[in-house]
file work10.tsv (TSV, C-alpha atoms and all ligand atoms)
chain	number	residue	atom	x	y	z
A	1	SER	CA	195.51	59.63	86.93
A	2	ALA	CA	193.63	59.93	83.70
A	3	LYS	CA	191.08	62.10	85.41
A	4	GLU	CA	193.72	64.52	86.66
A	5	GLY	CA	195.40	64.49	83.27
A	6	GLY	CA	192.12	65.47	81.73
A	7	ARG	CA	191.68	68.33	84.13
A	8	ASN	CA	195.22	69.57	83.51
A	9	THR	CA	194.64	69.44	79.80
A	10	PHE	CA	191.51	71.50	80.30
A	11	GLN	CA	193.39	74.05	82.39
A	12	PHE	CA	196.16	74.18	79.80
A	13	PHE	CA	193.68	74.93	77.03
A	14	THR	CA	191.87	77.64	78.98
A	15	ALA	CA	195.17	79.31	79.83
A	16	GLU	CA	196.14	79.20	76.17
A	17	MET	CA	192.76	80.57	75.15
A	18	ASP	CA	193.14	83.41	77.65
A	19	VAL	CA	196.49	84.31	76.14
A	20	ARG	CA	194.97	84.28	72.66
A	21	ALA	CA	191.98	86.34	73.73
A	22	TYR	CA	194.31	88.79	75.44
A	23	GLU	CA	196.58	89.08	72.38
A	24	ARG	CA	193.57	89.61	70.19
A	25	LEU	CA	192.24	92.34	72.42
A	26	LEU	CA	195.65	93.98	72.53
A	27	LEU	CA	195.93	93.87	68.74
A	28	GLU	CA	192.42	95.24	68.37
A	29	ASN	CA	193.22	98.18	70.66
A	30	GLN	CA	196.45	98.86	68.78
A	31	LEU	CA	194.59	98.66	65.48
A	32	ARG	CA	191.99	101.08	66.80
A	33	ARG	CA	194.75	103.66	67.22
A	34	ALA	CA	196.68	102.74	64.08
A	35	VAL	CA	194.70	105.10	61.85
A	36	GLU	CA	195.10	108.19	64.05
A	37	ARG	CA	198.76	107.33	64.68
A	38	ASN	CA	199.38	107.19	60.96
A	39	GLU	CA	200.63	103.60	61.07
A	40	LEU	CA	198.70	102.43	58.00
A	41	ALA	CA	200.29	102.66	54.58
A	42	LEU	CA	199.18	101.84	51.07
A	43	TYR	CA	201.36	99.75	48.79
A	44	TYR	CA	200.64	99.74	45.06
A	45	GLN	CA	200.79	96.80	42.67
A	46	PRO	CA	200.85	97.60	38.95
A	47	GLN	CA	198.26	96.16	36.57
A	48	ILE	CA	199.63	95.43	33.12
A	49	ALA	CA	197.66	95.41	29.85
A	50	ALA	CA	197.94	91.96	28.28
A	51	GLY	CA	198.54	93.20	24.74
A	52	SER	CA	200.68	96.31	25.00
A	53	GLY	CA	202.37	95.60	28.32
A	54	ARG	CA	201.48	99.11	29.47
A	55	ILE	CA	200.64	99.97	33.05
A	56	ILE	CA	196.90	100.53	33.06
A	57	GLY	CA	196.40	100.80	36.76
A	58	ALA	CA	197.47	99.92	40.26
A	59	GLU	CA	195.79	98.15	43.13
A	60	ALA	CA	196.15	99.84	46.50
A	61	LEU	CA	196.87	97.29	49.24
A	62	VAL	CA	196.96	98.27	52.89
A	63	ARG	CA	199.85	97.50	55.27
A	64	TRP	CA	200.20	98.21	58.95
A	65	ARG	CA	203.53	99.58	60.10
A	66	HIS	CA	203.30	98.19	63.61
A	67	PRO	CA	205.68	99.86	66.09
A	68	GLU	CA	207.01	96.49	67.37
A	69	LYS	CA	205.95	93.89	64.82
A	70	GLY	CA	207.11	95.80	61.73
A	71	LEU	CA	205.17	95.57	58.49
A	72	VAL	CA	201.96	93.59	59.08
A	73	PRO	CA	200.20	92.17	55.97
A	74	PRO	CA	196.42	92.59	55.62
A	75	ILE	CA	195.73	88.89	56.18
A	76	GLN	CA	196.87	89.44	59.78
A	77	PHE	CA	194.56	92.34	60.58
A	78	ILE	CA	191.77	92.75	58.00
A	79	PRO	CA	189.75	89.80	59.43
A	80	LEU	CA	190.09	91.30	62.93
A	81	ALA	CA	189.15	94.71	61.54
A	82	GLU	CA	186.03	93.17	59.99
A	83	GLU	CA	184.98	91.35	63.17
A	84	SER	CA	185.47	94.42	65.33
A	85	GLY	CA	183.90	96.88	62.91
A	86	LEU	CA	187.20	98.80	62.65
A	87	ILE	CA	187.16	98.06	58.93
A	88	VAL	CA	184.82	101.02	58.44
A	89	ASP	CA	187.40	103.56	59.70
A	90	ILE	CA	190.27	101.72	58.04
A	91	GLY	CA	188.34	101.48	54.78
A	92	ASN	CA	187.62	105.19	54.85
A	93	TRP	CA	191.25	105.96	55.43
A	94	VAL	CA	192.26	103.67	52.53
A	95	LEU	CA	189.75	105.28	50.18
A	96	ARG	CA	190.86	108.82	51.01
A	97	GLU	CA	194.53	107.98	50.91
A	98	ALA	CA	194.17	106.38	47.46
A	99	CYS	CA	192.24	109.45	46.23
A	100	ARG	CA	194.86	111.77	47.72
A	101	GLN	CA	197.64	109.77	46.04
A	102	GLN	CA	195.89	109.91	42.67
A	103	VAL	CA	195.72	113.70	42.89
A	104	ALA	CA	199.36	113.95	44.05
A	105	TRP	CA	200.55	111.73	41.18
A	106	ARG	CA	198.56	113.67	38.61
A	107	LYS	CA	199.96	116.96	39.90
A	108	ALA	CA	203.44	115.47	39.50
A	109	GLY	CA	202.59	114.43	35.92
A	110	LEU	CA	202.44	110.74	36.72
A	111	ILE	CA	199.30	109.35	35.13
A	112	ILE	CA	198.18	106.02	36.52
A	113	PRO	CA	194.91	105.57	34.59
A	114	ARG	CA	193.16	103.81	37.47
A	115	ILE	CA	193.72	103.13	41.12
A	116	ALA	CA	191.79	100.19	42.53
A	117	VAL	CA	190.69	100.12	46.16
A	118	ASN	CA	189.46	97.04	48.02
A	119	ILE	CA	186.10	97.42	49.73
A	120	SER	CA	185.11	94.94	52.42
A	121	ALA	CA	181.59	93.51	52.43
A	122	LEU	CA	180.87	95.12	55.79
A	123	GLN	CA	181.99	98.53	54.56
A	124	PHE	CA	179.88	98.17	51.42
A	125	ARG	CA	176.76	97.18	53.32
A	126	ARG	CA	177.01	99.98	55.90
A	127	SER	CA	174.45	102.64	55.19
A	128	GLY	CA	175.96	105.84	53.89
A	129	PHE	CA	178.74	104.11	51.95
A	130	VAL	CA	177.94	105.92	48.69
A	131	ALA	CA	177.94	109.26	50.52
A	132	LEU	CA	181.37	108.45	52.00
A	133	VAL	CA	182.78	107.71	48.55
A	134	ARG	CA	181.25	110.89	47.16
A	135	ARG	CA	182.76	112.89	50.00
A	136	ALA	CA	186.21	111.30	49.60
A	137	LEU	CA	186.17	112.25	45.90
A	138	ALA	CA	184.91	115.78	46.53
A	139	GLU	CA	187.25	116.56	49.41
A	140	THR	CA	190.39	115.24	47.73
A	141	GLY	CA	189.48	116.46	44.25
A	142	ALA	CA	190.18	113.00	42.82
A	143	ASP	CA	188.97	112.06	39.34
A	144	PRO	CA	186.29	109.37	39.70
A	145	ASN	CA	187.22	107.98	36.27
A	146	GLY	CA	190.56	107.04	37.75
A	147	LEU	CA	189.04	105.21	40.69
A	148	GLU	CA	187.95	101.61	40.77
A	149	LEU	CA	186.29	99.82	43.66
A	150	GLU	CA	187.01	96.11	44.12
A	151	LEU	CA	184.09	94.26	45.64
A	152	THR	CA	183.96	90.62	46.61
A	153	GLU	CA	181.19	88.17	45.90
A	154	SER	CA	180.28	88.22	49.60
A	155	ALA	CA	179.43	91.93	49.36
A	156	LEU	CA	177.03	91.17	46.52
A	157	MET	CA	175.51	88.09	48.11
A	158	GLU	CA	171.74	87.81	48.28
A	159	PRO	CA	171.08	90.18	45.43
A	160	THR	CA	168.49	92.78	46.28
A	161	ASP	CA	167.08	95.94	44.77
A	162	ASP	CA	169.02	97.87	47.44
A	163	THR	CA	172.33	96.42	46.32
A	164	GLU	CA	171.45	97.10	42.72
A	165	ARG	CA	170.56	100.70	43.52
A	166	GLN	CA	173.71	101.22	45.57
A	167	LEU	CA	175.88	99.91	42.75
A	168	ALA	CA	174.06	102.17	40.28
A	169	ASN	CA	174.63	105.14	42.60
A	170	LEU	CA	178.34	104.32	42.78
A	171	LYS	CA	178.49	104.08	38.99
A	172	ASP	CA	176.76	107.47	38.77
A	173	LEU	CA	179.74	108.96	40.61
A	174	GLY	CA	181.79	108.04	37.53
A	175	LEU	CA	183.97	105.30	39.00
A	176	SER	CA	184.29	101.69	37.89
A	177	LEU	CA	183.41	98.47	39.69
A	178	SER	CA	185.43	95.30	39.74
A	179	LEU	CA	184.53	91.88	41.16
A	180	ASP	CA	187.55	90.60	43.11
A	181	ASP	CA	188.57	86.97	43.71
A	182	PHE	CA	186.04	85.82	41.13
A	183	GLY	CA	185.10	82.19	41.48
A	184	THR	CA	186.05	81.73	45.14
A	185	GLY	CA	182.84	82.81	46.80
A	186	TYR	CA	179.18	82.71	46.20
A	187	SER	CA	178.50	82.92	42.49
A	188	ASN	CA	175.01	83.73	41.45
A	189	LEU	CA	175.85	84.07	37.80
A	190	ALA	CA	172.38	85.34	36.91
A	191	TYR	CA	173.07	88.52	38.84
A	192	LEU	CA	176.27	89.27	36.99
A	193	LYS	CA	174.05	90.70	34.29
A	194	ARG	CA	171.85	92.59	36.73
A	195	TYR	CA	174.67	94.47	38.42
A	196	PRO	CA	176.52	97.28	36.63
A	197	LEU	CA	180.00	95.74	36.96
A	198	ASP	CA	182.90	96.66	34.69
A	199	GLN	CA	185.43	93.98	35.46
A	200	LEU	CA	186.09	90.50	36.81
A	201	LYS	CA	189.33	89.55	38.54
A	202	ILE	CA	190.09	85.85	38.26
A	203	ASP	CA	191.34	84.70	41.65
A	204	ARG	CA	194.96	83.68	41.76
A	205	SER	CA	194.11	80.18	43.00
A	206	PHE	CA	192.94	79.46	39.42
A	207	ILE	CA	196.08	80.96	37.89
A	208	ARG	CA	198.64	79.24	40.11
A	209	ASP	CA	198.70	75.85	38.36
A	210	LEU	CA	198.32	77.16	34.81
A	211	PRO	CA	198.95	76.06	32.16
A	212	ALA	CA	199.48	72.44	33.32
A	213	ASP	CA	196.26	71.94	35.29
A	214	ALA	CA	193.38	70.96	32.98
A	215	GLU	CA	190.64	72.06	35.39
A	216	ASP	CA	192.20	75.49	35.83
A	217	VAL	CA	192.57	75.80	32.06
A	218	ALA	CA	188.84	75.06	31.74
A	219	ILE	CA	187.83	77.44	34.55
A	220	THR	CA	189.93	80.39	33.38
A	221	SER	CA	188.90	79.93	29.74
A	222	ALA	CA	185.22	79.72	30.69
A	223	THR	CA	185.50	82.78	32.94
A	224	LEU	CA	187.08	84.66	30.08
A	225	SER	CA	184.27	83.92	27.66
A	226	LEU	CA	181.65	84.60	30.33
A	227	GLY	CA	183.22	87.96	31.17
A	228	ARG	CA	183.67	88.91	27.53
A	229	SER	CA	180.11	88.01	26.57
A	230	LEU	CA	178.84	90.13	29.45
A	231	GLY	CA	180.94	93.04	28.21
A	232	LEU	CA	183.30	92.99	31.20
A	233	THR	CA	187.06	93.31	31.20
A	234	VAL	CA	188.87	90.39	32.79
A	235	VAL	CA	192.03	90.62	34.88
A	236	ALA	CA	194.19	87.68	35.93
A	237	GLU	CA	195.56	87.91	39.47
A	238	GLY	CA	198.72	86.25	40.69
A	239	VAL	CA	200.61	85.91	37.41
A	240	GLU	CA	204.05	84.69	38.47
A	241	THR	CA	205.55	83.00	35.40
A	242	PRO	CA	205.99	83.81	31.69
A	243	ALA	CA	203.98	80.65	30.89
A	244	GLN	CA	201.04	81.94	32.94
A	245	ARG	CA	201.34	85.36	31.30
A	246	ASP	CA	201.32	83.80	27.83
A	247	PHE	CA	198.38	81.56	28.66
A	248	VAL	CA	196.13	84.29	30.04
A	249	THR	CA	197.11	86.59	27.17
A	250	ASN	CA	196.24	83.92	24.61
A	251	ILE	CA	192.80	83.22	26.07
A	252	GLY	CA	192.05	86.96	25.88
A	253	CYS	CA	192.59	88.40	29.35
A	254	HIS	CA	192.67	92.19	29.22
A	255	ALA	CA	195.12	92.74	32.04
A	256	MET	CA	197.36	90.99	34.52
A	257	GLN	CA	198.68	91.52	37.98
A	258	GLY	CA	201.34	89.48	39.72
A	259	PHE	CA	204.85	88.98	41.01
A	260	LEU	CA	206.11	88.38	37.43
A	261	PHE	CA	205.70	92.13	36.94
A	262	SER	CA	205.96	93.45	40.47
A	263	PRO	CA	204.83	92.80	44.04
A	264	PRO	CA	202.90	95.59	45.78
A	265	LEU	CA	205.39	98.43	46.36
A	266	PRO	CA	205.62	101.42	48.69
A	267	VAL	CA	205.00	104.73	46.89
A	268	ALA	CA	208.60	105.71	46.04
A	269	GLU	CA	209.43	102.23	44.71
A	270	PHE	CA	206.20	102.14	42.73
A	271	GLU	CA	207.11	105.46	41.11
A	272	ALA	CA	210.55	104.08	40.23
A	273	PHE	CA	208.94	100.96	38.76
A	274	VAL	CA	206.63	103.06	36.58
A	275	ALA	CA	209.52	105.19	35.32
A	276	GLU	CA	211.65	102.15	34.46
A	277	HIS	CA	208.77	100.23	32.95
A	278	ARG	CA	207.85	103.15	30.68
A	279	ALA	CA	211.45	103.64	29.62
A	280	ALA	CA	211.68	99.95	28.72
A	281	ALA	CA	208.32	99.84	26.93
A	282	ILE	CA	208.92	102.94	24.83
A	283	PRO	CA	212.49	102.98	23.49
A	284	ALA	CA	213.99	106.45	22.99
A	285	GLY	CA	213.10	107.96	19.63
A	286	LYS	CA	209.89	106.01	19.24
A	287	THR	CA	206.46	107.28	20.10
A	288	ALA	CA	203.99	105.39	22.25
B	301	LIG	P1	193.30	90.88	46.97
B	301	LIG	O1	192.47	92.12	46.89
B	301	LIG	O2	192.86	89.74	46.13
B	301	LIG	O3	194.76	91.37	46.60
B	301	LIG	C1	195.70	90.60	45.90
B	301	LIG	C2	196.64	89.92	46.85
B	301	LIG	O4	197.42	89.00	46.10
B	301	LIG	C3	197.65	90.88	47.50
B	301	LIG	O5	197.96	90.38	48.80
B	301	LIG	C4	198.86	90.72	46.60
B	301	LIG	O6	200.09	91.02	47.23
B	301	LIG	C5	198.78	89.26	46.27
B	301	LIG	N1	199.46	88.96	45.03
B	301	LIG	C6	199.52	89.72	43.93
B	301	LIG	N2	200.23	89.11	42.96
B	301	LIG	C7	200.63	87.93	43.47
B	301	LIG	C8	201.41	86.84	42.94
B	301	LIG	O7	201.87	86.84	41.81
B	301	LIG	N3	201.60	85.77	43.77
B	301	LIG	C9	201.11	85.74	45.05
B	301	LIG	N4	201.36	84.66	45.78
B	301	LIG	N5	200.36	86.75	45.56
B	301	LIG	C10	200.14	87.83	44.78
B	301	LIG	P2	197.93	91.29	50.09
B	301	LIG	O8	198.43	92.67	49.78
B	301	LIG	O9	198.59	90.52	51.19
B	301	LIG	O10	196.37	91.43	50.38
B	301	LIG	C11	195.62	90.29	50.71
B	301	LIG	C12	194.16	90.61	50.76
B	301	LIG	O11	193.88	91.54	51.82
B	301	LIG	C13	193.63	91.31	49.51
B	301	LIG	O12	193.41	90.36	48.48
B	301	LIG	C14	192.36	91.93	50.04
B	301	LIG	O13	191.33	90.98	50.10
B	301	LIG	C15	192.76	92.31	51.45
B	301	LIG	N6	193.11	93.74	51.48
B	301	LIG	C16	194.27	94.35	51.19
B	301	LIG	N7	194.17	95.69	51.31
B	301	LIG	C17	192.88	95.94	51.67
B	301	LIG	C18	192.14	97.13	51.96
B	301	LIG	O14	192.63	98.26	51.86
B	301	LIG	N8	190.82	96.97	52.32
B	301	LIG	C19	190.24	95.73	52.41
B	301	LIG	N9	188.94	95.65	52.77
B	301	LIG	N10	190.91	94.60	52.14
B	301	LIG	C20	192.21	94.69	51.78
B	302	MG	MG	191.75	93.22	45.42
B	303	MG	MG	191.82	89.44	44.54
B	304	MG	MG	192.86	87.05	46.06
call {"tool": "encode", "arguments": {"input": "work10.tsv", "output": "structure tokens"}}
result
Amino acid sequence: SAKEGGRNTFQFFTAEMDVRAYERLLLENQLRRAVERNELALYYQPQIAAGSGRIIGAEALVRWRHPEKGLVPPIQFIPLAEESGLIVDIGNWVLREACRQQVAWRKAGLIIPRIAVNISALQFRRSGFVALVRRALAETGADPNGLELELTESALMEPTDDTERQLANLKDLGLSLSLDDFGTGYSNLAYLKRYPLDQLKIDRSFIRDLPADAEDVAITSATLSLGRSLGLTVVAEGVETPAQRDFVTNIGCHAMQGFLFSPPLPVAEFEAFVAEHRAAAIPAGKTA
């Protein structure tokens, strides 16, 4: 009967929900141990100066080398890490690992001017965040000038004196601050001037349909002039085609990041990319 069918449907859904809840719990427990088991890895995506084509930095992007699932992208575990609070430990690991890598590269003579690290809103709002960053820098010996923190609009939501002070304290450490995924979240433009930011990253959803899409042309051009008039550098994310590269270069973007240049790469491949890129950019016999 219809009634029975309804009940069966209900039972089916609860069973399915149980399986999901169980899988989630399992994943959360595995993620809890991922840091201590050394299963997290940072990949690096080069950032390219729009004018010279030089590598001006790299964004560190976390991956989870899961023992059974293989390489798990952040979209599949960062939200869970945020909901469970595990993002604090993971974020600390990411920060230290990026600092450690900067020092290792510099010792090896490989100068990547800046390494950018993503900071989740939860991590940023936890008390003691500035002290953690200070400690990561001090204990690894990393150069703060070569470190950039990428914050999202959600971290800066509801602007307060506390947030302003925290950002100023971070700046006092000597690092730079970048606003990630600009235009996708809450945008209280008035506070862009209040906060000591250095850079805006235009979200790749606005880059994807360039240069054909008139709205995206308007949005990216307006973001560029806004950023420039506020004295910020502007980076375009998700540049995949030469036409997109040319467009963002022509409107005055300072730097670009995207599959046209390189996807995020594991350390050894990133080093190979840098070596090849430099060889191509500076032909033998010419100086930089
Ligand atoms: P995001 O910070 O905006 O990072 C850029 C994302 O865009 C990366 O995805 C990158 O692989 C991707 N991307 C770059 N260029 C292109 C392109 O040309 N085309 C396309 N389709 N995609 C491109 P990924 O590595 O999967 O990271 C996704 C998001 O996960 C990041 O977005 C960031 O929000 C978060 N995430 C990654 N690592 C960390 C981390 O260590 N901590 C925190 N809190 N979040 C992280
Ligand atoms: Mg980012
Ligand atoms: Mg982004
Ligand atoms: Mg994005």
call {"tool": "closest_atom_pairs", "arguments": {"input": "work10.tsv", "of": "stretch 139-200 of chain A", "to": "stretch 231-235 of chain A", "cutoff": "6 Å", "atoms": "all atoms listed in the file", "output": "CSV"}}
result
residue,atom,partner,partner_atom,distance
A:Asp198,CA,A:Leu232,CA,5.1
A:Gln199,CA,A:Thr233,CA,4.6
A:Leu200,CA,A:Val234,CA,4.9
call {"tool": "residues_near_ligand", "arguments": {"input": "work10.tsv", "ligand": "ligand MG 304 (chain B)", "cutoff": "9 Å", "atoms": "all atoms listed in the file", "output": "PyMOL selection string"}}
result
chain A and resi 180-182+184+201-205+237-238
call {"tool": "closest_residue", "arguments": {"input": "work10.tsv", "among": "A:Leu137, A:Val239, A:Leu86, A:Ala50", "to": "ligand LIG 301 (chain B)", "atoms": "all atoms listed in the file"}}
result
A:Val239
call {"tool": "atom_distance", "arguments": {"input": "work10.tsv", "atom1": "atom CA of A:Ala58", "atom2": "atom CA of A:Leu40"}}
result
18.0 Å
call {"tool": "closest_atom_pairs", "arguments": {"input": "work10.tsv", "of": "chain A", "to": "ligand LIG 301 (chain B)", "cutoff": "8 Å", "atoms": "all atoms listed in the file", "output": "CSV"}}
result
residue,atom,partner,partner_atom,distance
A:Leu42,CA,B:LIG301,O14,7.5
A:Tyr43,CA,B:LIG301,O8,7.7
A:Gln45,CA,B:LIG301,C6,7.3
A:Glu59,CA,B:LIG301,O3,7.7
A:Ala60,CA,B:LIG301,O14,6.6
A:Leu61,CA,B:LIG301,N7,3.8
A:Val62,CA,B:LIG301,N7,4.1
A:Arg63,CA,B:LIG301,N7,7.2
A:Pro73,CA,B:LIG301,O9,5.3
A:Pro74,CA,B:LIG301,O11,4.7
A:Ile75,CA,B:LIG301,O11,5.4
A:Ile78,CA,B:LIG301,N10,6.2
A:Ile87,CA,B:LIG301,N9,6.8
A:Ile90,CA,B:LIG301,N8,7.5
A:Gly91,CA,B:LIG301,N8,5.7
A:Val94,CA,B:LIG301,O14,5.5
A:Leu95,CA,B:LIG301,O14,7.8
A:Val117,CA,B:LIG301,O14,6.3
A:Asn118,CA,B:LIG301,N8,4.5
A:Ile119,CA,B:LIG301,N9,4.5
A:Ser120,CA,B:LIG301,N9,3.9
A:Ala121,CA,B:LIG301,N9,7.7
A:Gln123,CA,B:LIG301,N9,7.7
A:Glu150,CA,B:LIG301,O1,7.3
A:Asp180,CA,B:LIG301,O2,6.2
A:Asp181,CA,B:LIG301,O2,5.7
A:Asp203,CA,B:LIG301,O2,6.9
A:Arg204,CA,B:LIG301,N3,7.2
A:Glu237,CA,B:LIG301,N2,6.0
A:Gly238,CA,B:LIG301,O7,3.4
A:Val239,CA,B:LIG301,O7,4.7
A:Glu240,CA,B:LIG301,O7,4.5
A:Gln257,CA,B:LIG301,N2,5.7
A:Gly258,CA,B:LIG301,O7,3.4
A:Phe259,CA,B:LIG301,O7,3.8
A:Leu260,CA,B:LIG301,O7,6.3
A:Ser262,CA,B:LIG301,N2,7.6
A:Pro263,CA,B:LIG301,O6,6.0
A:Pro264,CA,B:LIG301,O6,5.6
call {"tool": "closest_residue", "arguments": {"input": "work10.tsv", "among": "A:Leu226, A:Leu197, A:Ala212, A:Leu179", "to": "ligand MG 303 (chain B)", "atoms": "only C-alpha atoms and all ligand atoms"}}
result
A:Leu179
call {"tool": "atom_distance", "arguments": {"input": "work10.tsv", "atom1": "atom CA of A:Ser178", "atom2": "atom CA of A:Leu151"}}
result
6.1 Å
call {"tool": "closest_residue", "arguments": {"input": "work10.tsv", "among": "A:Leu189, A:Val88, A:Ala236, A:Val274", "to": "ligand MG 303 (chain B)", "atoms": "only C-alpha atoms and all ligand atoms"}}
result
A:Ala236
call {"tool": "atom_distance", "arguments": {"input": "work10.tsv", "atom1": "atom CA of A:Leu265", "atom2": "atom CA of A:Pro46"}}
result
8.7 Å
